[in-house]
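What follows is upload-v2.txt (compact mmCIF, C-alpha atoms).
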# COMPACT_ATOMS: atom_id res chain seq x y z
CA MET A 1 -5.31 63.35 -7.98
CA TYR A 2 -6.38 61.41 -4.98
CA THR A 3 -8.94 60.03 -2.64
CA GLN A 4 -8.32 59.59 1.02
CA SER A 5 -8.53 55.98 2.06
CA PHE A 6 -11.03 56.68 4.73
CA SER A 7 -14.68 57.21 4.56
CA THR A 8 -16.17 60.12 6.43
CA SER A 9 -19.80 59.31 6.83
CA ASP A 10 -22.54 61.68 5.77
CA THR A 11 -24.09 63.03 8.93
CA GLU A 12 -27.51 61.54 8.35
CA ASP A 13 -26.12 58.07 7.72
CA LYS A 14 -26.98 55.72 10.54
CA PRO A 15 -25.60 52.38 9.43
CA ASN A 16 -26.79 50.49 12.49
CA LYS A 17 -30.35 51.75 12.47
CA PRO A 18 -32.47 48.72 13.32
CA SER A 19 -35.26 49.63 10.87
CA ALA A 20 -32.78 49.08 8.01
CA VAL A 21 -33.08 45.36 8.64
CA ALA A 22 -36.13 44.82 6.50
CA PRO A 23 -37.33 41.30 5.86
CA ILE A 24 -35.37 40.03 2.86
CA SER A 25 -37.49 38.67 0.04
CA ILE A 26 -36.54 35.53 -1.84
CA GLU A 27 -35.86 37.62 -4.91
CA THR A 28 -33.49 39.94 -3.00
CA ALA A 29 -31.68 36.94 -1.54
CA ALA A 30 -31.11 35.55 -5.04
CA LEU A 31 -29.82 38.91 -6.27
CA GLN A 32 -27.54 39.18 -3.25
CA ALA A 33 -26.21 35.68 -3.91
CA HIS A 34 -25.48 36.60 -7.53
CA PHE A 35 -23.73 39.80 -6.39
CA ASP A 36 -21.61 37.87 -3.85
CA ALA A 37 -20.66 35.33 -6.51
CA VAL A 38 -19.51 38.08 -8.87
CA ILE A 39 -17.38 39.64 -6.09
CA ASP A 40 -15.95 36.25 -5.06
CA ALA A 41 -15.01 35.50 -8.66
CA ASP A 42 -13.17 38.86 -8.77
CA SER A 43 -15.40 39.90 -11.63
CA LYS A 44 -16.95 43.36 -12.10
CA ILE A 45 -20.23 44.96 -11.14
CA GLU A 46 -21.64 47.22 -13.86
CA PRO A 47 -24.06 50.17 -13.51
CA ARG A 48 -27.36 48.41 -14.17
CA ASP A 49 -26.51 45.29 -12.15
CA TRP A 50 -28.23 44.80 -8.84
CA MET A 51 -26.07 45.83 -5.89
CA PRO A 52 -26.65 46.20 -2.14
CA GLU A 53 -27.65 49.75 -1.17
CA ALA A 54 -24.66 50.03 1.17
CA TYR A 55 -22.26 49.14 -1.66
CA ARG A 56 -23.84 51.80 -3.86
CA LYS A 57 -23.68 54.42 -1.10
CA THR A 58 -20.08 53.63 -0.23
CA LEU A 59 -19.07 53.96 -3.87
CA VAL A 60 -20.97 57.22 -4.40
CA ARG A 61 -19.27 58.64 -1.31
CA GLN A 62 -15.79 57.44 -2.25
CA ILE A 63 -15.93 58.30 -5.96
CA SER A 64 -17.45 61.74 -5.36
CA GLN A 65 -14.88 62.49 -2.63
CA HIS A 66 -12.23 61.44 -5.09
CA ALA A 67 -13.70 63.66 -7.84
CA HIS A 68 -13.92 66.62 -5.48
CA SER A 69 -10.25 66.08 -4.55
CA GLU A 70 -9.25 66.34 -8.19
CA ILE A 71 -11.22 69.54 -8.65
CA VAL A 72 -10.15 71.24 -5.40
CA GLY A 73 -6.62 69.95 -6.09
CA MET A 74 -6.43 72.36 -9.03
CA LEU A 75 -6.48 75.35 -6.67
CA PRO A 76 -3.10 75.08 -4.87
CA GLU A 77 -1.37 74.56 -8.22
CA GLY A 78 -3.44 77.11 -10.10
CA ASN A 79 -1.97 79.58 -7.62
CA TRP A 80 1.41 79.19 -9.36
CA ILE A 81 0.47 79.25 -13.05
CA SER A 82 0.99 82.99 -13.34
CA ARG A 83 4.19 82.79 -11.29
CA ALA A 84 5.94 79.81 -12.88
CA PRO A 85 9.66 80.55 -13.34
CA SER A 86 9.73 79.88 -17.10
CA LEU A 87 7.43 79.39 -20.07
CA LYS A 88 8.36 75.68 -20.06
CA ARG A 89 7.30 75.22 -16.43
CA LYS A 90 4.16 77.27 -17.02
CA THR A 91 3.00 75.11 -19.95
CA ILE A 92 3.75 71.94 -17.97
CA LEU A 93 1.80 73.24 -14.98
CA ILE A 94 -1.17 74.27 -17.12
CA ALA A 95 -1.23 70.79 -18.70
CA LYS A 96 -1.10 69.18 -15.27
CA VAL A 97 -3.90 71.32 -13.86
CA GLN A 98 -6.00 70.55 -16.95
CA ASP A 99 -5.38 66.85 -16.31
CA GLU A 100 -6.72 67.27 -12.77
CA ALA A 101 -9.91 68.77 -14.20
CA GLY A 102 -10.13 65.82 -16.57
CA HIS A 103 -9.64 63.36 -13.71
CA GLY A 104 -12.44 65.05 -11.81
CA LEU A 105 -14.72 64.70 -14.83
CA TYR A 106 -13.92 60.99 -15.38
CA LEU A 107 -14.77 60.39 -11.74
CA TYR A 108 -17.95 62.46 -11.64
CA SER A 109 -19.24 60.55 -14.63
CA ALA A 110 -18.33 57.23 -12.98
CA ALA A 111 -20.28 58.30 -9.85
CA GLU A 112 -23.25 59.36 -11.97
CA THR A 113 -23.63 55.80 -13.24
CA LEU A 114 -24.66 54.94 -9.67
CA GLY A 115 -27.70 57.19 -9.89
CA THR A 116 -26.47 60.38 -8.29
CA SER A 117 -26.49 63.65 -10.24
CA ARG A 118 -23.63 66.03 -10.92
CA ASP A 119 -25.66 68.87 -9.40
CA GLN A 120 -26.21 66.89 -6.21
CA MET A 121 -22.52 66.04 -5.84
CA GLN A 122 -21.50 69.64 -6.40
CA ALA A 123 -24.11 70.87 -3.96
CA ASP A 124 -22.69 68.48 -1.34
CA LEU A 125 -19.17 69.77 -1.96
CA HIS A 126 -20.25 73.40 -1.76
CA SER A 127 -22.27 72.92 1.43
CA GLY A 128 -19.31 71.22 3.11
CA LYS A 129 -21.20 67.94 3.48
CA ALA A 130 -18.87 66.06 1.12
CA LYS A 131 -15.16 65.85 1.88
CA TYR A 132 -12.08 66.04 -0.31
CA SER A 133 -8.47 65.14 0.34
CA SER A 134 -7.25 67.36 3.17
CA ILE A 135 -3.80 67.72 1.61
CA PHE A 136 -5.31 70.54 -0.47
CA ASN A 137 -6.16 72.52 2.64
CA TYR A 138 -2.54 73.56 3.01
CA PRO A 139 -1.07 76.57 1.24
CA THR A 140 1.52 76.44 -1.56
CA LEU A 141 4.07 78.94 -0.32
CA ASN A 142 7.00 78.70 -2.72
CA TRP A 143 7.71 77.40 -6.22
CA ALA A 144 9.29 74.22 -4.84
CA ASP A 145 5.83 73.31 -3.50
CA MET A 146 4.82 72.64 -7.11
CA GLY A 147 7.63 70.13 -7.45
CA VAL A 148 6.88 68.53 -4.10
CA ILE A 149 3.19 68.21 -4.88
CA GLY A 150 4.09 66.38 -8.09
CA TRP A 151 6.71 64.15 -6.51
CA LEU A 152 5.14 63.37 -3.12
CA VAL A 153 1.43 64.17 -3.29
CA ASP A 154 0.96 62.64 -6.73
CA GLY A 155 3.38 59.89 -5.77
CA ALA A 156 1.15 59.01 -2.81
CA ALA A 157 -1.88 59.30 -5.08
CA ILE A 158 -0.40 56.79 -7.53
CA MET A 159 0.26 54.30 -4.72
CA ASN A 160 -3.35 54.57 -3.69
CA GLN A 161 -4.87 54.63 -7.16
CA ILE A 162 -3.10 51.67 -8.73
CA PRO A 163 -5.00 49.12 -6.61
CA LEU A 164 -8.22 51.01 -7.41
CA CYS A 165 -7.75 50.04 -11.08
CA ARG A 166 -8.86 46.58 -9.88
CA CYS A 167 -11.89 47.88 -7.99
CA SER A 168 -14.99 45.70 -8.32
CA TYR A 169 -17.10 48.52 -9.74
CA GLY A 170 -16.40 48.64 -13.50
CA PRO A 171 -16.81 52.37 -14.23
CA TYR A 172 -14.60 53.35 -11.25
CA ALA A 173 -11.91 50.85 -12.23
CA ARG A 174 -11.91 52.08 -15.83
CA ALA A 175 -11.71 55.73 -14.74
CA MET A 176 -8.77 54.87 -12.50
CA ILE A 177 -6.88 53.15 -15.32
CA ARG A 178 -7.20 56.33 -17.35
CA VAL A 179 -6.13 58.47 -14.38
CA CYS A 180 -3.11 56.30 -13.54
CA LYS A 181 -1.83 56.48 -17.12
CA GLU A 182 -1.73 60.26 -16.84
CA GLU A 183 -0.51 60.48 -13.27
CA SER A 184 3.02 59.30 -14.00
CA PHE A 185 3.71 62.52 -15.93
CA HIS A 186 2.62 64.48 -12.87
CA GLN A 187 5.07 62.78 -10.56
CA ARG A 188 8.01 62.87 -12.95
CA GLN A 189 7.62 66.53 -13.87
CA GLY A 190 7.57 67.40 -10.16
CA TYR A 191 10.67 65.39 -9.35
CA GLU A 192 12.49 66.84 -12.35
CA ALA A 193 11.59 70.41 -11.36
CA LEU A 194 13.07 69.71 -7.91
CA LEU A 195 16.24 68.20 -9.41
CA VAL A 196 16.79 71.42 -11.34
CA MET A 197 16.43 73.49 -8.16
CA MET A 198 18.75 71.19 -6.22
CA ARG A 199 21.46 71.92 -8.80
CA GLY A 200 20.92 75.65 -8.29
CA THR A 201 21.76 78.18 -5.58
CA ALA A 202 21.77 77.61 -1.82
CA GLU A 203 18.49 79.54 -1.64
CA GLN A 204 16.86 77.24 -4.19
CA LYS A 205 18.02 74.14 -2.31
CA ALA A 206 16.64 75.62 0.89
CA MET A 207 13.29 76.18 -0.83
CA VAL A 208 13.10 72.51 -1.80
CA GLN A 209 13.99 71.36 1.71
CA ASP A 210 11.41 73.74 3.18
CA ALA A 211 8.69 72.38 0.90
CA VAL A 212 9.63 68.78 1.72
CA ASN A 213 9.56 69.59 5.44
CA ARG A 214 6.08 71.05 5.19
CA TYR A 215 4.57 68.30 3.00
CA TRP A 216 6.19 65.03 4.10
CA TRP A 217 4.02 64.24 7.12
CA LYS A 218 0.87 65.42 5.39
CA CYS A 219 1.58 63.05 2.52
CA LEU A 220 1.90 60.13 4.94
CA ALA A 221 -1.46 61.07 6.44
CA MET A 222 -3.02 60.99 2.95
CA PHE A 223 -3.19 57.20 3.19
CA GLY A 224 -5.75 57.55 5.93
CA PRO A 225 -5.84 56.46 9.58
CA PRO A 226 -3.94 53.38 10.82
CA ASP A 227 -5.64 50.07 10.00
CA ALA A 228 -6.68 49.65 13.64
CA ASP A 229 -8.71 52.87 13.40
CA SER A 230 -10.28 52.19 9.98
CA PRO A 231 -13.54 50.44 10.84
CA ASN A 232 -14.90 50.62 7.28
CA SER A 233 -11.85 49.07 5.64
CA GLU A 234 -12.86 45.47 6.19
CA GLN A 235 -16.20 45.88 4.43
CA ALA A 236 -14.56 47.79 1.57
CA MET A 237 -12.06 44.93 1.20
CA ARG A 238 -14.84 42.36 1.21
CA TRP A 239 -16.56 44.28 -1.60
CA GLY A 240 -13.37 44.51 -3.66
CA ILE A 241 -13.44 48.31 -3.49
CA LYS A 242 -10.29 48.47 -1.42
CA ARG A 243 -7.43 46.06 -2.14
CA ILE A 244 -4.54 47.10 0.10
CA SER A 245 -4.77 48.47 3.65
CA ASN A 246 -3.88 52.06 4.59
CA ASP A 247 -0.79 51.05 6.56
CA ASP A 248 0.50 48.75 3.84
CA LEU A 249 0.13 51.45 1.19
CA ARG A 250 1.82 54.00 3.46
CA GLN A 251 4.74 51.63 4.01
CA LYS A 252 5.05 51.01 0.28
CA PHE A 253 5.15 54.73 -0.35
CA ILE A 254 7.84 55.34 2.28
CA ASP A 255 9.99 52.48 1.00
CA ALA A 256 9.76 53.81 -2.55
CA THR A 257 10.38 57.44 -1.61
CA VAL A 258 13.43 57.24 0.67
CA PRO A 259 15.86 56.33 -2.15
CA GLN A 260 14.34 59.05 -4.37
CA ALA A 261 14.99 61.61 -1.62
CA GLU A 262 18.62 60.48 -1.44
CA VAL A 263 19.13 60.98 -5.17
CA LEU A 264 17.50 64.39 -4.89
CA GLY A 265 19.69 65.30 -1.93
CA VAL A 266 16.96 66.27 0.53
CA THR A 267 16.38 65.10 4.10
CA LEU A 268 13.00 63.64 5.00
CA PRO A 269 12.00 65.33 8.27
CA ASP A 270 11.68 62.24 10.45
CA PRO A 271 14.47 61.38 12.93
CA ASP A 272 12.93 57.90 13.39
CA LEU A 273 13.13 57.06 9.71
CA LYS A 274 15.57 54.16 9.32
CA TRP A 275 15.95 50.85 7.54
CA ASN A 276 14.74 47.84 9.49
CA ALA A 277 16.52 44.83 8.02
CA GLU A 278 14.38 42.42 9.97
CA ARG A 279 11.13 43.76 8.56
CA GLY A 280 12.63 44.62 5.18
CA HIS A 281 11.02 48.04 5.42
CA PHE A 282 11.78 51.52 6.69
CA ASP A 283 10.58 52.32 10.21
CA TYR A 284 9.05 55.75 10.66
CA GLY A 285 7.84 58.10 13.40
CA GLN A 286 4.43 59.05 14.74
CA ILE A 287 1.96 60.82 12.46
CA ASP A 288 0.04 63.70 14.05
CA TRP A 289 -3.52 62.38 13.64
CA ASP A 290 -5.04 65.16 15.72
CA GLU A 291 -3.89 67.67 13.14
CA PHE A 292 -5.15 65.42 10.35
CA TRP A 293 -8.65 65.13 11.81
CA ALA A 294 -8.77 68.85 12.63
CA THR A 295 -8.08 69.57 8.95
CA VAL A 296 -10.58 66.98 7.73
CA ASN A 297 -13.16 68.57 10.01
CA GLY A 298 -12.67 72.00 8.50
CA HIS A 299 -9.98 73.62 10.65
CA GLY A 300 -6.99 73.44 8.31
CA PRO A 301 -5.27 76.62 7.15
CA CYS A 302 -7.07 76.83 3.78
CA ASN A 303 -10.39 74.94 4.15
CA LYS A 304 -12.51 78.08 4.05
CA GLU A 305 -10.57 79.66 1.23
CA ARG A 306 -10.71 76.55 -0.97
CA LEU A 307 -14.43 76.09 -0.56
CA ALA A 308 -15.16 79.79 -1.04
CA THR A 309 -13.16 79.75 -4.28
CA ARG A 310 -15.12 76.76 -5.58
CA VAL A 311 -18.48 78.23 -4.66
CA LYS A 312 -17.59 81.56 -6.26
CA ALA A 313 -16.46 79.86 -9.49
CA HIS A 314 -19.68 77.85 -9.58
CA GLU A 315 -21.91 80.86 -8.99
CA GLN A 316 -20.09 83.06 -11.45
CA GLY A 317 -20.34 80.34 -14.08
CA GLN A 318 -24.09 80.03 -13.70
CA TRP A 319 -24.90 82.48 -16.51
CA VAL A 320 -22.57 80.59 -18.87
CA ARG A 321 -24.33 77.30 -18.19
CA GLU A 322 -27.72 78.93 -18.70
CA ALA A 323 -26.63 80.74 -21.86
CA ALA A 324 -25.28 77.52 -23.39
CA LEU A 325 -28.59 75.77 -22.77
CA ALA A 326 -30.58 78.71 -24.14
CA HIS A 327 -28.39 78.72 -27.25
CA ALA A 328 -28.83 74.97 -27.76
CA HIS A 329 -32.58 75.37 -27.37
CA LYS A 330 -32.71 78.19 -29.92
CA GLN A 331 -30.63 76.22 -32.43
CA GLN A 332 -32.94 73.27 -32.03
CA GLN A 333 -36.06 75.39 -32.60
CA ARG A 334 -34.50 77.00 -35.67
CA ALA A 335 -33.66 73.59 -37.12
CA GLN A 336 -37.21 72.38 -36.51
CA LYS A 337 -38.65 75.47 -38.20
CA GLU A 338 -36.45 74.97 -41.24
CA ALA A 339 -37.42 71.31 -41.47
CA ALA A 340 -41.15 72.15 -41.31
CA MET B 1 -38.39 79.77 -21.76
CA SER B 2 -39.95 77.08 -19.58
CA ASN B 3 -38.03 74.45 -21.53
CA THR B 4 -34.67 75.91 -20.66
CA THR B 5 -35.38 76.56 -17.00
CA ALA B 6 -36.78 73.07 -16.51
CA LEU B 7 -33.41 71.62 -17.52
CA LYS B 8 -30.99 72.54 -14.75
CA GLU B 9 -28.12 70.32 -15.80
CA TRP B 10 -26.67 70.09 -19.27
CA PRO B 11 -27.79 66.78 -20.81
CA LEU B 12 -25.59 63.69 -20.51
CA TRP B 13 -23.72 62.31 -23.56
CA GLU B 14 -21.88 59.03 -24.03
CA VAL B 15 -18.49 59.35 -25.71
CA PHE B 16 -16.99 56.83 -28.17
CA VAL B 17 -13.44 57.24 -29.45
CA ARG B 18 -11.67 55.61 -32.43
CA SER B 19 -8.06 55.39 -31.27
CA LYS B 20 -6.67 54.96 -34.79
CA GLN B 21 -7.78 54.34 -38.36
CA GLY B 22 -8.84 50.74 -38.79
CA LEU B 23 -10.11 50.26 -35.24
CA GLU B 24 -13.70 50.55 -34.01
CA HIS B 25 -15.02 53.35 -31.86
CA LYS B 26 -14.90 52.35 -28.21
CA HIS B 27 -16.97 53.69 -25.34
CA CYS B 28 -14.75 55.69 -23.01
CA GLY B 29 -17.07 57.60 -20.70
CA SER B 30 -19.67 60.31 -20.53
CA LEU B 31 -19.95 64.04 -20.06
CA HIS B 32 -22.46 66.87 -19.79
CA ALA B 33 -22.84 69.36 -22.64
CA SER B 34 -25.52 71.73 -23.89
CA ASP B 35 -25.72 70.30 -27.44
CA ALA B 36 -23.94 67.97 -29.87
CA PRO B 37 -21.20 70.34 -31.13
CA HIS B 38 -20.51 71.34 -27.54
CA ALA B 39 -20.33 67.67 -26.50
CA LEU B 40 -17.81 66.96 -29.27
CA GLN B 41 -15.58 69.79 -28.17
CA MET B 42 -15.78 68.75 -24.52
CA ALA B 43 -15.08 65.13 -25.46
CA ARG B 44 -11.95 66.21 -27.30
CA ASP B 45 -10.69 68.08 -24.22
CA VAL B 46 -11.69 65.45 -21.67
CA TYR B 47 -10.85 62.21 -23.48
CA THR B 48 -8.17 62.96 -26.11
CA ARG B 49 -5.62 65.25 -24.48
CA ARG B 50 -2.81 62.90 -25.50
CA GLN B 51 -3.82 62.01 -29.04
CA GLU B 52 -5.89 59.06 -27.89
CA GLY B 53 -8.27 59.47 -30.80
CA VAL B 54 -8.71 60.25 -34.49
CA SER B 55 -12.52 60.27 -34.41
CA ILE B 56 -15.17 60.86 -31.75
CA TRP B 57 -18.87 59.98 -31.56
CA VAL B 58 -21.14 61.57 -28.99
CA VAL B 59 -24.57 60.11 -28.35
CA PRO B 60 -27.27 61.47 -26.03
CA SER B 61 -27.31 58.96 -23.16
CA ASN B 62 -31.12 58.86 -23.01
CA THR B 63 -31.31 57.59 -26.62
CA ILE B 64 -29.45 54.35 -25.83
CA THR B 65 -31.57 51.22 -25.45
CA ALA B 66 -29.85 48.58 -23.37
CA SER B 67 -30.51 44.92 -22.62
CA GLU B 68 -31.27 43.87 -19.06
CA PRO B 69 -28.29 43.43 -16.74
CA ASP B 70 -26.33 40.28 -16.18
CA SER B 71 -28.29 39.10 -13.15
CA LYS B 72 -31.40 38.58 -15.27
CA ASP B 73 -29.59 36.33 -17.69
CA SER B 74 -32.40 34.72 -19.72
CA PHE B 75 -31.78 37.12 -22.62
CA PHE B 76 -28.48 35.43 -23.45
CA ASP B 77 -29.57 31.90 -22.52
CA PRO B 78 -30.33 30.74 -26.07
CA ALA B 79 -26.62 30.91 -26.91
CA ALA B 80 -25.50 28.98 -23.82
CA ASP B 81 -26.18 25.41 -25.02
CA LYS B 82 -25.00 25.65 -28.63
CA ILE B 83 -21.46 24.46 -28.28
CA TYR B 84 -21.54 23.19 -31.89
CA ARG B 85 -21.13 26.85 -32.91
CA HIS B 86 -17.53 26.74 -31.72
CA PRO B 87 -14.69 25.22 -33.80
CA THR B 88 -13.41 23.18 -30.83
CA PHE B 89 -16.63 21.09 -30.94
CA TYR B 90 -15.27 19.23 -33.99
CA LYS B 91 -12.58 16.55 -33.68
CA ILE B 92 -10.26 16.54 -36.66
CA PRO B 93 -7.46 13.93 -37.06
CA ASP B 94 -4.01 15.21 -36.05
CA GLU B 95 -2.52 14.46 -39.46
CA VAL B 96 -4.76 17.09 -41.03
CA GLY B 97 -2.71 19.70 -39.21
CA HIS B 98 -3.92 23.23 -38.59
CA MET B 99 -7.47 23.87 -39.81
Could you write out this file's structure as structure tokens?
Amino acid sequence: MYTQSFSTSDTEDKPNKPSAVAPISIETAALQAHFDAVIDADSKIEPRDWMPEAYRKTLVRQISQHAHSEIVGMLPEGNWISRAPSLKRKTILIAKVQDEAGHGLYLYSAAETLGTSRDQMQADLHSGKAKYSSIFNYPTLNWADMGVIGWLVDGAAIMNQIPLCRCSYGPYARAMIRVCKEESFHQRQGYEALLVMMRGTAEQKAMVQDAVNRYWWKCLAMFGPPDADSPNSEQAMRWGIKRISNDDLRQKFIDATVPQAEVLGVTLPDPDLKWNAERGHFDYGQIDWDEFWATVNGHGPCNKERLATRVKAHEQGQWVREAALAHAHKQQQRAQKEAA
Amino acid sequence: MSNTTALKEWPLWEVFVRSKQGLEHKHCGSLHASDAPHALQMARDVYTRRQEGVSIWVVPSNTITASEPDSKDSFFDPAADKIYRHPTFYKIPDEVGHM
């Protein structure tokens, strides 16, 4: 579903450690020059190509955070599968949640091409070392939340993911193309579900407005901190990993969403939101970054619950993974015996 | 037993999908699965949820032999200076038309 456009460093990373400046050999310099030329030509880096260690690390962190977001993102929606208001909405929701699992898998396999293992990435998620999009640390309180997640959360995700289809790392770019193709269904089904509610009773309309009120600001924060506070952005841009800045993407999202909210008939909860003819964009109010960082750092309403659910699912699935391997091993031995 | 406990992760498989009859199989990604039938089933669920394929190949990733990456380019050098292998190398009079 989404990766946050900010990079929370692993705790043991010390990018400015002086010992990292090892004498560069002639061979390394040539490889670096080749890498730079590929980036400058807007071409792609593929798994077995030489790449700077920092580029590899940044990608592993970003792609795994993105994968974790897809997987954890199944939880708030999974909450409503058994409570969907009709069989139609239930089948749609199941398909969407299955897509999120698929997106997680595309991304894990893209990250694995960089030399990290699935087990390692999952261990980092479960220990709390690796992050995921903090939007999933909020609860889904009413059915309209399902519509709002599709419309706004996936809408924000699409804004962020489309430029990633042009990322300089081939496997990530290809995974994102696949994800983006499927994401449009997610947004449209959400918007349509809300349209149906907005044509319903006063209570249903109030549910939609309540969900929009709770999610709007959190969706704006999904694009990551303001450009001035995104120290890693410049390097990511230089490497062709990031194409559009956090603030530009956020503005694009707001400009696209305001007319959609009008058609829907909901109010976006920002008194400062108004058209600025001079800029050709909508102006908007202050985002609460303290709340954002508190949630990123583990103090959101659902952080503990989400992680506990993931860890429990992983532990309870352990015997299945072992049994499947044991079965495969037995089949193999039987086949060898028959061949002998 | 030691064989199964030594392997913590399910092995990695590369997935190739034929999108329709008449087209070649194309690499579309990888996945972990315990054995080949399992990998096929997983590939169907992960890569063809919207009828993207009519046929799937799964290949154990560790059985693929690959050429050296782009930066060590001598492997493909022999083809670099043979422009006479391309049709545009030959000048044909305009009046001949399309050839």
Next item on the list: Show me which bits of chain A are within 6 Å of chain B, counting all atoms listed in the file, as an MDAnalysis selection string.
Entry: chainID A and resid 48:49 102 109 324:325 328
Notebook entry, point to check: CA of Asp255 in chain A and CA of Leu152 in chain A are how many Å apart?
Noted result: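 Going from CA of Asp255 in chain A over to CA of Leu152 in chain A, I get 12.6 Å.
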Next item on the list: Identify, on the basis of only C-alpha atoms, every residue whose closest approach to range 283-288 of chain A does not exceed 9 Å; exclude the query and any residue fewer than 2 positions from it along the same chain; express the result as a list in words.
Entry: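 Contacts, in chain order: Trp217, Lys218, Leu220, Ala221, Gln251, Ile254, Asp270, Pro271, Asp272, Leu273, Lys274, Trp275, Asn276, Arg279, His281, Asp290, Glu291 and Phe292 of chain A.
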Note to self: Please report the interatomic distance between CA of Val59 in chain B and CA of Pro171 in chain A in Å with one decimal.
What the structure shows: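 So the answer is 17.9 Å.
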Next item on the list: Please provide the set of residues having any atom within 8 Å of His25 in chain B, restricted to all atoms listed in the file, with same-chain residues fewer than 5 positions apart removed, written as number ranges by chain.
Entry: B: 16-19, 55-57
Take every atom of range 149-162 of chain A listed in the file, fit an axis-aligned box around them, add 3 Å per side, and give the centre and edge lengths in Å to one decimal as JSON.
{"center_x": 0.9, "center_y": 59.9, "center_z": -5.8, "size_x": 17.6, "size_y": 22.5, "size_z": 11.9}
Item checked: CA of Ser86 in chain A to CA of Pro301 in chain A, straight-line distance in Å ->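 So the answer is 28.7 Å.
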Next item on the list: Do a neighbour search on Asp227 in chain A at 12 Å with all atoms listed in the file, toss out local chain neighbours closer than 2 positions, and write the hits as a VMD selection string.
Entry: chain A and resid 5 to 6 223 to 225 229 to 234 244 to 250
Margin query: When you count only C-alpha atoms, which of these residues is closest to Glu262 in chain A: A:Asp119, A:Val60, A:Leu195, A:Trp216?
Written below: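 Of A:Asp119, A:Val60, A:Leu195, A:Trp216, the one nearest Glu262 in chain A is A:Leu195, counting only C-alpha atoms.
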With the input short on atoms, add all heavy atoms back to range 26-30 of chain A and write it as a PDB file, in the coordinates of the input.
ATOM      1  N   ILE A  26     -37.265  36.591  -1.155  1.00  0.00           N
ATOM      2  CA  ILE A  26     -36.540  35.530  -1.840  1.00  0.00           C
ATOM      3  C   ILE A  26     -35.804  36.090  -3.053  1.00  0.00           C
ATOM      4  O   ILE A  26     -34.664  35.752  -3.330  1.00  0.00           O
ATOM      5  CB  ILE A  26     -37.507  34.397  -2.276  1.00  0.00           C
ATOM      6  CG1 ILE A  26     -38.067  33.725  -1.020  1.00  0.00           C
ATOM      7  CG2 ILE A  26     -36.805  33.376  -3.167  1.00  0.00           C
ATOM      8  CD1 ILE A  26     -39.216  32.783  -1.273  1.00  0.00           C
ATOM      9  N   GLU A  27     -36.470  37.027  -3.724  1.00  0.00           N
ATOM     10  CA  GLU A  27     -35.860  37.620  -4.910  1.00  0.00           C
ATOM     11  C   GLU A  27     -34.585  38.381  -4.534  1.00  0.00           C
ATOM     12  O   GLU A  27     -33.550  38.245  -5.191  1.00  0.00           O
ATOM     13  CB  GLU A  27     -36.855  38.561  -5.596  1.00  0.00           C
ATOM     14  CG  GLU A  27     -36.425  38.908  -7.007  1.00  0.00           C
ATOM     15  CD  GLU A  27     -37.148  40.139  -7.562  1.00  0.00           C
ATOM     16  OE1 GLU A  27     -37.961  40.737  -6.846  1.00  0.00           O
ATOM     17  OE2 GLU A  27     -36.868  40.481  -8.710  1.00  0.00           O
ATOM     18  N   THR A  28     -34.660  39.179  -3.452  1.00  0.00           N
ATOM     19  CA  THR A  28     -33.490  39.940  -3.000  1.00  0.00           C
ATOM     20  C   THR A  28     -32.358  38.995  -2.607  1.00  0.00           C
ATOM     21  O   THR A  28     -31.192  39.253  -2.913  1.00  0.00           O
ATOM     22  CB  THR A  28     -33.845  40.840  -1.807  1.00  0.00           C
ATOM     23  OG1 THR A  28     -34.999  41.603  -2.151  1.00  0.00           O
ATOM     24  CG2 THR A  28     -32.717  41.775  -1.464  1.00  0.00           C
ATOM     25  N   ALA A  29     -32.700  37.907  -1.959  1.00  0.00           N
ATOM     26  CA  ALA A  29     -31.680  36.940  -1.540  1.00  0.00           C
ATOM     27  C   ALA A  29     -30.958  36.363  -2.761  1.00  0.00           C
ATOM     28  O   ALA A  29     -29.732  36.199  -2.751  1.00  0.00           O
ATOM     29  CB  ALA A  29     -32.321  35.826  -0.725  1.00  0.00           C
ATOM     30  N   ALA A  30     -31.716  36.100  -3.820  1.00  0.00           N
ATOM     31  CA  ALA A  30     -31.110  35.550  -5.040  1.00  0.00           C
ATOM     32  C   ALA A  30     -30.185  36.594  -5.677  1.00  0.00           C
ATOM     33  O   ALA A  30     -29.082  36.265  -6.140  1.00  0.00           O
ATOM     34  CB  ALA A  30     -32.194  35.147  -6.034  1.00  0.00           C
TER      35      ALA A  30
END
